[in-house]
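Student: What follows is a single structure, and I will ask about it in a moment.
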Amino acid sequence: MPRYFFDIADGDLRIDETGTKCADLDAVRSAAMQILPEIARFEIGNGDRHTFTVIARDADRHPVFTTTLSLTGLWLVDR
């Protein structure tokens, strides 16, 4: 099975040096999209706007898929 690397961008870029074996490109897509909620769950800090991006790269380190999750909070009352 080929190895793919899942880099994470959220203001900083974290390069995946280990990689994950995936059976095919559909598995790469699925893995990239499943990572996003986990990142958001643990990385939400201060502020009401957050954007998390995963860039999947193949064994030659060429990008093959990207996905982004944006979270926006908006107060509906005076604070």
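Residues in the structure tokens are named by chain (A, B, ... in the order shown) and by number from 1 within that chain; ligands are numbered from 1 in the order shown.
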For range 56-70 of chain A, list every protein, DNA or RNA residue within 8 Å, evaluated using only C-alpha atoms, and leave out those in the same chain fewer than 3 positions away; present the list as a ChimeraX atom specification.
Tutor: /A:2-7,28-29,32-33,36-37,49-53
Student: Take the selection from the previous step and output its residues with C-alpha atoms, as a JSON list (two decimals), in the first residue's frame.
Tutor:
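After the write, result16.json holds the following:
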[["chain", "number", "residue", "atom", "x", "y", "z"],
["A", 2, "PRO", "CA", 1.33, 3.46, -0.81],
["A", 3, "ARG", "CA", 2.17, 5.92, 1.95],
["A", 4, "TYR", "CA", 0.60, 9.39, 2.05],
["A", 5, "PHE", "CA", 1.50, 12.37, 4.19],
["A", 6, "PHE", "CA", -1.09, 14.62, 5.83],
["A", 7, "ASP", "CA", 0.20, 18.12, 6.55],
["A", 28, "VAL", "CA", -6.71, 9.39, 1.24],
["A", 29, "ARG", "CA", -9.75, 11.64, 0.91],
["A", 32, "ALA", "CA", -7.92, 13.77, 5.32],
["A", 33, "MET", "CA", -11.54, 14.65, 6.03],
["A", 36, "LEU", "CA", -10.23, 17.81, 10.50],
["A", 37, "PRO", "CA", -12.83, 17.39, 13.28],
["A", 49, "ARG", "CA", -12.74, 32.23, 13.72],
["A", 50, "HIS", "CA", -10.64, 29.18, 12.98],
["A", 51, "THR", "CA", -9.57, 27.55, 9.73],
["A", 52, "PHE", "CA", -7.93, 24.14, 9.54],
["A", 53, "THR", "CA", -6.55, 22.68, 6.31]]
Student: From a DSSP calculation on the backbone, collect every residue of chain A in strand (DSSP E) and output the set as a ChimeraX atom specification.
Tutor: /A:3-9,13-14,20-21,49-57,63-72
Student: Per DSSP on the backbone, what are the alpha helix (DSSP H) residues of chain A, as a PyMOL selection string?
Tutor: chain A and resi 25-43
Student: Could you write out that same residue set with N, CA and C atoms as a PDB file, in the first residue's frame?
Tutor:
ATOM      1  N   LEU A  25      -6.865   6.487  -3.525  1.00  0.00           N
ATOM      2  CA  LEU A  25      -7.121   7.909  -3.332  1.00  0.00           C
ATOM      3  C   LEU A  25      -8.421   8.177  -2.574  1.00  0.00           C
ATOM      4  N   ASP A  26      -9.395   7.284  -2.679  1.00  0.00           N
ATOM      5  CA  ASP A  26     -10.614   7.450  -1.886  1.00  0.00           C
ATOM      6  C   ASP A  26     -10.299   7.344  -0.395  1.00  0.00           C
ATOM      7  N   ALA A  27      -9.385   6.456  -0.047  1.00  0.00           N
ATOM      8  CA  ALA A  27      -8.969   6.313   1.349  1.00  0.00           C
ATOM      9  C   ALA A  27      -8.198   7.549   1.810  1.00  0.00           C
ATOM     10  N   VAL A  28      -7.423   8.149   0.917  1.00  0.00           N
ATOM     11  CA  VAL A  28      -6.706   9.387   1.236  1.00  0.00           C
ATOM     12  C   VAL A  28      -7.714  10.489   1.550  1.00  0.00           C
ATOM     13  N   ARG A  29      -8.711  10.645   0.697  1.00  0.00           N
ATOM     14  CA  ARG A  29      -9.754  11.643   0.909  1.00  0.00           C
ATOM     15  C   ARG A  29     -10.446  11.425   2.247  1.00  0.00           C
ATOM     16  N   SER A  30     -10.826  10.210   2.512  1.00  0.00           N
ATOM     17  CA  SER A  30     -11.521   9.885   3.756  1.00  0.00           C
ATOM     18  C   SER A  30     -10.655  10.208   4.975  1.00  0.00           C
ATOM     19  N   ALA A  31      -9.391   9.816   4.925  1.00  0.00           N
ATOM     20  CA  ALA A  31      -8.479  10.075   6.046  1.00  0.00           C
ATOM     21  C   ALA A  31      -8.304  11.571   6.271  1.00  0.00           C
ATOM     22  N   ALA A  32      -8.117  12.322   5.201  1.00  0.00           N
ATOM     23  CA  ALA A  32      -7.924  13.771   5.320  1.00  0.00           C
ATOM     24  C   ALA A  32      -9.154  14.435   5.942  1.00  0.00           C
ATOM     25  N   MET A  33     -10.317  14.034   5.514  1.00  0.00           N
ATOM     26  CA  MET A  33     -11.544  14.654   6.027  1.00  0.00           C
ATOM     27  C   MET A  33     -11.837  14.242   7.467  1.00  0.00           C
ATOM     28  N   GLN A  34     -11.435  13.044   7.848  1.00  0.00           N
ATOM     29  CA  GLN A  34     -11.660  12.594   9.221  1.00  0.00           C
ATOM     30  C   GLN A  34     -10.712  13.263  10.205  1.00  0.00           C
ATOM     31  N   ILE A  35      -9.553  13.701   9.728  1.00  0.00           N
ATOM     32  CA  ILE A  35      -8.586  14.366  10.600  1.00  0.00           C
ATOM     33  C   ILE A  35      -9.111  15.720  11.072  1.00  0.00           C
ATOM     34  N   LEU A  36      -9.832  16.427  10.201  1.00  0.00           N
ATOM     35  CA  LEU A  36     -10.232  17.806  10.500  1.00  0.00           C
ATOM     36  C   LEU A  36     -11.040  17.971  11.791  1.00  0.00           C
ATOM     37  N   PRO A  37     -12.090  17.199  12.032  1.00  0.00           N
ATOM     38  CA  PRO A  37     -12.833  17.391  13.284  1.00  0.00           C
ATOM     39  C   PRO A  37     -11.982  17.114  14.523  1.00  0.00           C
ATOM     40  N   GLU A  38     -11.073  16.163  14.416  1.00  0.00           N
ATOM     41  CA  GLU A  38     -10.188  15.873  15.557  1.00  0.00           C
ATOM     42  C   GLU A  38      -9.258  17.045  15.826  1.00  0.00           C
ATOM     43  N   ILE A  39      -8.717  17.634  14.773  1.00  0.00           N
ATOM     44  CA  ILE A  39      -7.854  18.805  14.941  1.00  0.00           C
ATOM     45  C   ILE A  39      -8.648  19.924  15.607  1.00  0.00           C
ATOM     46  N   ALA A  40      -9.813  20.213  15.074  1.00  0.00           N
ATOM     47  CA  ALA A  40     -10.641  21.288  15.610  1.00  0.00           C
ATOM     48  C   ALA A  40     -10.983  21.039  17.072  1.00  0.00           C
ATOM     49  N   ARG A  41     -11.255  19.825  17.401  1.00  0.00           N
ATOM     50  CA  ARG A  41     -11.636  19.470  18.778  1.00  0.00           C
ATOM     51  C   ARG A  41     -10.543  19.831  19.782  1.00  0.00           C
ATOM     52  N   PHE A  42      -9.294  19.634  19.398  1.00  0.00           N
ATOM     53  CA  PHE A  42      -8.190  19.850  20.325  1.00  0.00           C
ATOM     54  C   PHE A  42      -7.478  21.181  20.136  1.00  0.00           C
ATOM     55  N   GLU A  43      -7.669  21.844  19.020  1.00  0.00           N
ATOM     56  CA  GLU A  43      -6.907  23.050  18.720  1.00  0.00           C
ATOM     57  C   GLU A  43      -7.700  24.342  18.831  1.00  0.00           C
TER      58      GLU A  43
END
Student: Work out how far CA of Met1 in chain A is from CA of Cys22 in chain A, in Å to one decimal.
Tutor: 6.1 Å
Student: Figure out the distance between CA of Thr18 in chain A and CA of Gly45 in chain A, please, to one decimal in Å.
Tutor: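 Between CA of Gly45 in chain A and CA of Thr18 in chain A the gap is 26.3 Å.
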Student: Expressed in Å to a single decimal, how great is the separation between CA of Leu76 in chain A and CA of Asn46 in chain A?
Tutor: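 Between CA of Leu76 in chain A and CA of Asn46 in chain A the gap works out to 18.0 Å.
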